[in-house]
Amino acid sequence: MAISKKVKNALNGASWVRRMFEEGEELKRTYGEENVYDFSLGNPNLEPPDSLKKALKALADCPIPGMHRYMPNCGYSDTRNAVARYLSEESGLPFEAKHVVMTVGAAGGLNVVFKAILDEGDEVIVPSPYFMEFKSYIENSGGEIRLAETHDDFSLNLKEIEKAIHQGTKAILINSPNNPTGVVYSKESLEALGELLKKKSQELKKTLYLITDEAYRRIVFDQIKLPIVFQYYPHTIRVTSHSKDLSLPGERIGYVAISPSCEEADEMVSAFVYANRVLGFVNAPALMQRLVAPLQKNSINITEYEEKRNFFYNALTSFGYRVVRPQGAFYLFPKTPIEDDVAFVKELQSKRILTVPGRGFGKPGHFRIAYAVDKKVIEAALPGFKEVAEKFGVGKR
């Protein structure tokens with residue numbers, strides 16, 4: 001066999017998102033791209049804010065000598081200081097540059113964190129449904145994923161999380177706003193999670209880490225204020241990126257930040273820096289570090305995403321689909337009217353509508369819609385959603 005058994009097994013269970021995307025490419029070749037309604041990939045369709053474009057032009061017009069060279073593996077000190085100032089203002093905690101490591105997006109950041117903290121067989125608890133690549137990131141570093149079911153509205157189920165914690169647990173990974181559901185975990189649930197982890201850390205006589213993936217933290221609707229997890233648990237590690245808030249997914253720029261309240265912060269950051277290097281990232285992209293440093297409070301205008309959320313949600317529920325109203329990100333996660341979510345997604349494909357079955361996110365019986373697309377794509381797809389709903393008697397049961 002040319003490739004490793006581990007990779008071969010991973011390929012056999014490859015990402016449903018990518019699988020549906022590839023099937024969509026075939027449909028586009030057959031019917032034309034304008035006649036295929038692709039909701040498979042969470043790829044932001046909004047352009048970066050003008051502030052970033054101006055900064056990019058200014059840097060191109062007046063380049064800094066040596067700005068494309070290597071820098072410390074943790075990133076430029078100016079950029080890390082800018083992130084630390086933002087985090088201090090946001091959380092009220094004394095963040096410094098030494099608590100921040102710039103990374104190759106949130107995916108790179110999560111791999112850095114897991115490489116730094118996991119020994120072979122250590123478990124990471126993840127509420128389900130979840131972004132399917134979390135499993136690969138954890139297993140890349142010898143860890144194992146343990147899923148904890150959420151409530152019917154996809155909010156955190158602390159009883160399930162507590163049941164999952166045992167001596168082999170190293171960390172809990174949460175993602176809010178959530179992919180695939182768009183749910184935002186409440187302040188009360190995160191406070192309770194912090195208290196639970198304090199209690200279980202004492203019982204187990206070991207530190208449990210809370211890793212929070214906040215790639216969608218700026219895309220929050222209904223004037224909801226996203227809770228600051230750092231305030232509820234001292235051993236918190238934030239991993240985030242500017243892929244969504246500045247619409248820069250292809251530029252791969254993000255960071256890892258550890259709470260200054262964590263006693264092992266210095267050692268942890270040293271491990272993050274080492275992992276950044278040996279995983280082959282070496283450092284986060286130099287140009288992007290310089291561009292995002294002054295833009296920590298900037299973001300795209302999320303009004304367009306919120307309007308699409310409202311439009312799509314209202315249409316689907318009027319057709320009879322059962323959907324938890326998302327509070328952030330750019331996803332809808334309806335229930336399928338039949339048990340077999342793959343078969344249902346295939347039915348939507350017959351209308352040239354591309355979605356992703358819920359089993360790809362650990363939740364069969366649902367399907368994910370990524371609505372980071374032009375509104376005209378949503379409008380054109382709605383008749384197909386309605387026809388499939390009527391075929392399966394949605395809303396008539």
# chains A, B, ... in the order shown; residues from 1 in each chain; ligands from 1
call {"tool": "select_by_dssp", "arguments": {"residues": "range 73-256 of chain A", "states": "helix (DSSP H, G or I)", "output": "PyMOL selection string"}}
result
chain A and resi 77-91+97-99+105-117+133-140+158-164+187-204+229-231+249-251
call {"tool": "select_by_dssp", "arguments": {"residues": "range 232-392 of chain A", "states": "strand (DSSP E or B)", "output": "VMD selection string"}}
result
chain A and resid 236 to 241 254 to 258 328 331 to 332 335 353 to 354 356 to 357 366 to 370
call {"tool": "write_last_selection", "arguments": {"atoms": "C-alpha atoms", "output": "mmCIF file, in the first residue's frame"}}
result
data_model
loop_
_atom_site.group_PDB
_atom_site.id
_atom_site.type_symbol
_atom_site.label_atom_id
_atom_site.label_comp_id
_atom_site.auth_asym_id
_atom_site.auth_seq_id
_atom_site.Cartn_x
_atom_site.Cartn_y
_atom_site.Cartn_z
ATOM 1 C CA THR A 236 -9.244 28.702 28.714
ATOM 2 C CA ILE A 237 -7.550 28.744 25.319
ATOM 3 C CA ARG A 238 -9.158 30.741 22.502
ATOM 4 C CA VAL A 239 -8.474 29.725 18.915
ATOM 5 C CA THR A 240 -9.788 32.024 16.221
ATOM 6 C CA SER A 241 -9.137 33.424 12.776
ATOM 7 C CA GLY A 254 -5.540 33.588 13.062
ATOM 8 C CA TYR A 255 -4.220 33.242 16.576
ATOM 9 C CA VAL A 256 -4.172 31.198 19.757
ATOM 10 C CA ALA A 257 -4.522 33.045 23.061
ATOM 11 C CA ILE A 258 -4.265 31.533 26.534
ATOM 12 C CA GLY A 328 -24.881 33.427 14.413
ATOM 13 C CA TYR A 331 -25.602 28.014 8.635
ATOM 14 C CA LEU A 332 -29.051 26.462 8.983
ATOM 15 C CA LYS A 335 -34.277 18.206 10.450
ATOM 16 C CA ILE A 353 -29.520 21.919 -4.607
ATOM 17 C CA LEU A 354 -26.316 21.048 -2.760
ATOM 18 C CA VAL A 356 -24.552 18.348 3.455
ATOM 19 C CA PRO A 357 -26.072 15.421 5.405
ATOM 20 C CA HIS A 366 -30.462 16.709 9.773
ATOM 21 C CA PHE A 367 -28.806 18.557 6.917
ATOM 22 C CA ARG A 368 -26.633 21.647 6.787
ATOM 23 C CA ILE A 369 -27.210 24.674 4.593
ATOM 24 C CA ALA A 370 -24.367 27.205 4.227
#
call {"tool": "closest_atom_pairs", "arguments": {"of": "range 178-219 of chain A", "to": "range 124-135 of chain A", "cutoff": "8 Å", "atoms": "only C-alpha atoms", "output": "tab-separated table"}}
result
residue	atom	partner	partner_atom	distance
A:Asn178	CA	A:Tyr130	CA	7.6
A:Asn179	CA	A:Phe131	CA	5.7
A:Pro180	CA	A:Phe131	CA	6.5
A:Thr181	CA	A:Pro129	CA	7.7
call {"tool": "write_last_selection", "arguments": {"atoms": "N, CA and C atoms", "output": "PDB file, in the first residue's frame"}}
result
ATOM      1  N   ASN A 178     -21.829  28.262  16.482  1.00  0.00           N
ATOM      2  CA  ASN A 178     -21.524  26.871  16.145  1.00  0.00           C
ATOM      3  C   ASN A 178     -21.670  26.571  14.659  1.00  0.00           C
ATOM      4  N   ASN A 179     -20.739  25.792  14.172  1.00  0.00           N
ATOM      5  CA  ASN A 179     -20.835  25.150  12.866  1.00  0.00           C
ATOM      6  C   ASN A 179     -21.089  23.675  13.153  1.00  0.00           C
ATOM      7  N   PRO A 180     -22.270  23.129  12.823  1.00  0.00           N
ATOM      8  CA  PRO A 180     -23.152  23.502  11.724  1.00  0.00           C
ATOM      9  C   PRO A 180     -24.464  24.183  12.098  1.00  0.00           C
ATOM     10  N   THR A 181     -24.734  24.458  13.372  1.00  0.00           N
ATOM     11  CA  THR A 181     -26.095  24.835  13.762  1.00  0.00           C
ATOM     12  C   THR A 181     -26.352  26.337  13.801  1.00  0.00           C
TER      13      THR A 181
END
call {"tool": "residues_around", "arguments": {"residues": "Val100 in chain A", "least_positions_apart": "2", "cutoff": "12 Å", "atoms": "only C-alpha atoms", "output": "PyMOL selection string"}}
result
chain A and resi 73-88+95-98+102-103+109+237-240+254-260+265-266+268-270+272-273
call {"tool": "closest_residue", "arguments": {"among": "A:Val104, A:Ala284, A:Val324, A:Ile138", "to": "Leu118 in chain A", "atoms": "only C-alpha atoms"}}
result
A:Ile138
call {"tool": "residues_around", "arguments": {"residues": "range 379-384 of chain A", "least_positions_apart": "4", "cutoff": "9 Å", "atoms": "only C-alpha atoms", "output": "VMD selection string"}}
result
chain A and resid 35 to 37 312 315 to 316 348 350 to 353 375 388 to 389
call {"tool": "residues_around", "arguments": {"residues": "range 198-212 of chain A", "least_positions_apart": "4", "cutoff": "10 Å", "atoms": "only C-alpha atoms", "output": "ChimeraX atom specification"}}
result
/A:110,113-114,117,124-126,162,165-176,192-194,229-230,232-240,256-258,262,264
call {"tool": "closest_residue", "arguments": {"among": "A:Gly105, A:Val377, A:Pro294, A:Leu287", "to": "Ala60 in chain A", "atoms": "only C-alpha atoms"}}
result
A:Leu287
call {"tool": "atom_distance", "arguments": {"atom1": "CA of Gly108 in chain A", "atom2": "CA of Gly250 in chain A"}}
result
12.9 Å
call {"tool": "residues_around", "arguments": {"residues": "Gly365 in chain A", "least_positions_apart": "5", "cutoff": "6 Å", "atoms": "only C-alpha atoms", "output": "PyMOL selection string"}}
result
chain A and resi 335-336+339+341
call {"tool": "residues_around", "arguments": {"residues": "Glu306 in chain A", "least_positions_apart": "5", "cutoff": "9 Å", "atoms": "only C-alpha atoms", "output": "list in words"}}
result
Ile219, Val220, Phe221, Asp222, Phe311, Gln327, Gly328 and Phe330 of chain A
call {"tool": "closest_residue", "arguments": {"among": "A:Phe21, A:Tyr31, A:Tyr313, A:Phe154", "to": "Val184 in chain A", "atoms": "only C-alpha atoms"}}
result
A:Phe154
